[in-house]
Amino acid sequence: MVTKCEVTATKGGHPWAVILAGGEGRRLLPLTRLISGDDRPKQFCPIFGGKSLLAHTRARLADAIAGDDTMFVVTKAHESFYADELADVRAPRIIVQPSLVRPK
């Protein structure tokens with residue numbers, strides 16, 4: 001599954017985006033290993049266009065959602081992959097799961 005975007009409304013009435021980027025990316029692991037040389041999840045891999053899937057998702061949202069109205073859900077174990085990529089995001093906008101939460 002590619003990085004997901006969900007847009008929700010707040011009390012103020014303007015839209016927010018929630019980017020779910022905490023998955024392991026197991027199905028594409030052979031491809032991401034080939035591209036990046038490590039076991040990074042697909043959302044942090046530059047699969048096309050020289051940018052990660054997360055960067056592409058952020059770019060697509062930029063015209064519709066103000067940057068400060070975007071939340072990112074990531075996993076602590078992936079910090080080495082998202083730290084630089086989300087360096088411009090205020091800490092309260094990054095929700096770090098202590099470990100991967102698998103849907104039932």
# chains A, B, ... in the order shown; residues from 1 in each chain; ligands from 1
$ residues_around --residues "region 38-48 of chain A" --least-positions-apart "6" --cutoff "8 Å" --atoms "only C-alpha atoms" --output "list of chain:residue names"
A:Val2, A:Thr3, A:Ala21, A:Gly23, A:Glu24, A:Gly25, A:Arg26, A:Leu28, A:Leu29, A:Thr32, A:Leu54, A:His78, A:Phe81, A:Tyr82
$ residues_around --residues "Arg90 (chain A)" --least-positions-apart "3" --cutoff "12 Å" --atoms "only C-alpha atoms" --output "list in words"
Gly67, Asp68, Asp69, Thr70, Met71, Phe72, Ala83, Leu86, Ala87, Arg93, Ile94 and Ile95 of chain A
$ write_last_selection --atoms "N, CA and C atoms" --output "PDB file, in the first residue's frame"
ATOM      1  N   GLY A  67       0.696  23.550   4.712  1.00  0.00           N
ATOM      2  CA  GLY A  67       1.726  22.675   5.278  1.00  0.00           C
ATOM      3  C   GLY A  67       1.574  22.410   6.753  1.00  0.00           C
ATOM      4  N   ASP A  68       1.156  23.413   7.514  1.00  0.00           N
ATOM      5  CA  ASP A  68       1.012  23.227   8.952  1.00  0.00           C
ATOM      6  C   ASP A  68      -0.284  22.508   9.318  1.00  0.00           C
ATOM      7  N   ASP A  69      -1.098  22.210   8.320  1.00  0.00           N
ATOM      8  CA  ASP A  69      -2.348  21.478   8.550  1.00  0.00           C
ATOM      9  C   ASP A  69      -2.228  20.030   8.089  1.00  0.00           C
ATOM     10  N   THR A  70      -1.011  19.525   8.110  1.00  0.00           N
ATOM     11  CA  THR A  70      -0.751  18.141   7.741  1.00  0.00           C
ATOM     12  C   THR A  70      -0.098  17.431   8.917  1.00  0.00           C
ATOM     13  N   MET A  71      -0.648  16.276   9.276  1.00  0.00           N
ATOM     14  CA  MET A  71      -0.105  15.432  10.341  1.00  0.00           C
ATOM     15  C   MET A  71       0.545  14.219   9.691  1.00  0.00           C
ATOM     16  N   PHE A  72       1.616  13.737  10.316  1.00  0.00           N
ATOM     17  CA  PHE A  72       2.335  12.574   9.813  1.00  0.00           C
ATOM     18  C   PHE A  72       2.346  11.511  10.899  1.00  0.00           C
ATOM     19  N   ALA A  83      13.713  11.385   9.633  1.00  0.00           N
ATOM     20  CA  ALA A  83      14.225  12.552  10.368  1.00  0.00           C
ATOM     21  C   ALA A  83      14.576  13.712   9.437  1.00  0.00           C
ATOM     22  N   LEU A  86      11.393  14.981   7.256  1.00  0.00           N
ATOM     23  CA  LEU A  86      10.374  15.751   7.977  1.00  0.00           C
ATOM     24  C   LEU A  86      11.001  16.822   8.865  1.00  0.00           C
ATOM     25  N   ALA A  87      12.240  17.187   8.596  1.00  0.00           N
ATOM     26  CA  ALA A  87      12.938  18.177   9.426  1.00  0.00           C
ATOM     27  C   ALA A  87      12.232  19.529   9.431  1.00  0.00           C
ATOM     28  N   ARG A  93       3.216  18.030  14.834  1.00  0.00           N
ATOM     29  CA  ARG A  93       2.554  17.521  13.632  1.00  0.00           C
ATOM     30  C   ARG A  93       3.035  16.114  13.261  1.00  0.00           C
ATOM     31  N   ILE A  94       3.959  15.573  14.029  1.00  0.00           N
ATOM     32  CA  ILE A  94       4.472  14.229  13.767  1.00  0.00           C
ATOM     33  C   ILE A  94       4.055  13.323  14.919  1.00  0.00           C
ATOM     34  N   ILE A  95       3.261  12.335  14.603  1.00  0.00           N
ATOM     35  CA  ILE A  95       2.806  11.361  15.598  1.00  0.00           C
ATOM     36  C   ILE A  95       3.669  10.120  15.421  1.00  0.00           C
TER      37      ILE A  95
END
$ closest_residue --among "A:Ala17, A:Leu34, A:Val96, A:Leu53" --to "Glu79 (chain A)" --atoms "only C-alpha atoms"
A:Val96
$ closest_residue --among "A:Ile35, A:Val73, A:Arg58, A:Asp84" --to "Val18 (chain A)" --atoms "only C-alpha atoms"
A:Val73
$ select_by_dssp --residues "chain A" --states "strand (DSSP E or B)" --output "PDB file with C-alpha atoms, in the first residue's frame"
ATOM      1  CA  LYS A   4      -2.093   7.034   2.344  1.00  0.00           C
ATOM      2  CA  CYS A   5      -3.595  10.488   2.700  1.00  0.00           C
ATOM      3  CA  GLU A   6      -6.764  11.213   4.555  1.00  0.00           C
ATOM      4  CA  VAL A   7      -8.330  14.645   4.696  1.00  0.00           C
ATOM      5  CA  THR A   8     -10.458  15.519   7.689  1.00  0.00           C
ATOM      6  CA  ALA A   9     -12.251  18.665   8.855  1.00  0.00           C
ATOM      7  CA  PRO A  15      -9.265  20.669   5.907  1.00  0.00           C
ATOM      8  CA  TRP A  16      -6.369  18.795   7.455  1.00  0.00           C
ATOM      9  CA  ALA A  17      -4.398  15.935   6.000  1.00  0.00           C
ATOM     10  CA  VAL A  18      -3.156  12.876   7.851  1.00  0.00           C
ATOM     11  CA  ILE A  19      -0.375  11.019   6.077  1.00  0.00           C
ATOM     12  CA  LEU A  20      -0.001   7.451   7.301  1.00  0.00           C
ATOM     13  CA  PHE A  48      10.564   7.256  -9.116  1.00  0.00           C
ATOM     14  CA  LYS A  51      12.090  11.624  -4.456  1.00  0.00           C
ATOM     15  CA  THR A  70      -0.751  18.141   7.741  1.00  0.00           C
ATOM     16  CA  MET A  71      -0.105  15.432  10.341  1.00  0.00           C
ATOM     17  CA  PHE A  72       2.335  12.574   9.813  1.00  0.00           C
ATOM     18  CA  VAL A  73       1.999   9.186  11.477  1.00  0.00           C
ATOM     19  CA  VAL A  74       5.334   7.351  11.532  1.00  0.00           C
ATOM     20  CA  THR A  75       7.007   4.563  13.492  1.00  0.00           C
ATOM     21  CA  ILE A  94       4.472  14.229  13.767  1.00  0.00           C
ATOM     22  CA  ILE A  95       2.806  11.361  15.598  1.00  0.00           C
ATOM     23  CA  VAL A  96       5.372   8.682  16.360  1.00  0.00           C
ATOM     24  CA  GLN A  97       4.057   5.200  17.066  1.00  0.00           C
TER      25      GLN A  97
END
$ closest_residue --among "A:Lys76, A:Asp63, A:Ser52, A:Ala91" --to "Ser36 (chain A)" --atoms "only C-alpha atoms"
A:Ser52
$ select_by_dssp --residues "chain A" --states "helix (DSSP H, G or I)" --output "PyMOL selection string"
chain A and resi 26-36+42-44+53-62+67-69+76-82+91-93
$ closest_residue --among "A:Ala64, A:Ala55, A:Leu31, A:Ala77" --to "Ser99 (chain A)" --atoms "only C-alpha atoms"
A:Ala77
$ atom_distance --atom1 "CA of Ala66 (chain A)" --atom2 "CA of Gly50 (chain A)"
23.8 Å
$ atom_distance --atom1 "CA of Glu85 (chain A)" --atom2 "CA of Thr57 (chain A)"
12.1 Å
$ decode --residues "region 61-80 of chain A" --atoms "C-alpha atoms" --output "PDB file, in the first residue's frame"
ATOM      1  CA  LEU A  61      -1.040  17.836  -0.981  1.00  0.00           C
ATOM      2  CA  ALA A  62       0.760  21.187  -1.050  1.00  0.00           C
ATOM      3  CA  ASP A  63      -1.796  22.899  -3.315  1.00  0.00           C
ATOM      4  CA  ALA A  64      -4.796  21.677  -1.335  1.00  0.00           C
ATOM      5  CA  ILE A  65      -3.689  21.686   2.314  1.00  0.00           C
ATOM      6  CA  ALA A  66      -1.569  24.236   4.167  1.00  0.00           C
ATOM      7  CA  GLY A  67       1.726  22.675   5.278  1.00  0.00           C
ATOM      8  CA  ASP A  68       1.012  23.227   8.952  1.00  0.00           C
ATOM      9  CA  ASP A  69      -2.348  21.478   8.550  1.00  0.00           C
ATOM     10  CA  THR A  70      -0.751  18.141   7.741  1.00  0.00           C
ATOM     11  CA  MET A  71      -0.105  15.432  10.341  1.00  0.00           C
ATOM     12  CA  PHE A  72       2.335  12.574   9.813  1.00  0.00           C
ATOM     13  CA  VAL A  73       1.999   9.186  11.477  1.00  0.00           C
ATOM     14  CA  VAL A  74       5.334   7.351  11.532  1.00  0.00           C
ATOM     15  CA  THR A  75       7.007   4.563  13.492  1.00  0.00           C
ATOM     16  CA  LYS A  76       9.931   5.129  15.867  1.00  0.00           C
ATOM     17  CA  ALA A  77      11.963   2.358  14.216  1.00  0.00           C
ATOM     18  CA  HIS A  78      11.988   4.366  10.954  1.00  0.00           C
ATOM     19  CA  GLU A  79      13.346   7.569  12.480  1.00  0.00           C
ATOM     20  CA  SER A  80      16.600   7.358  10.540  1.00  0.00           C
TER      21      SER A  80
END
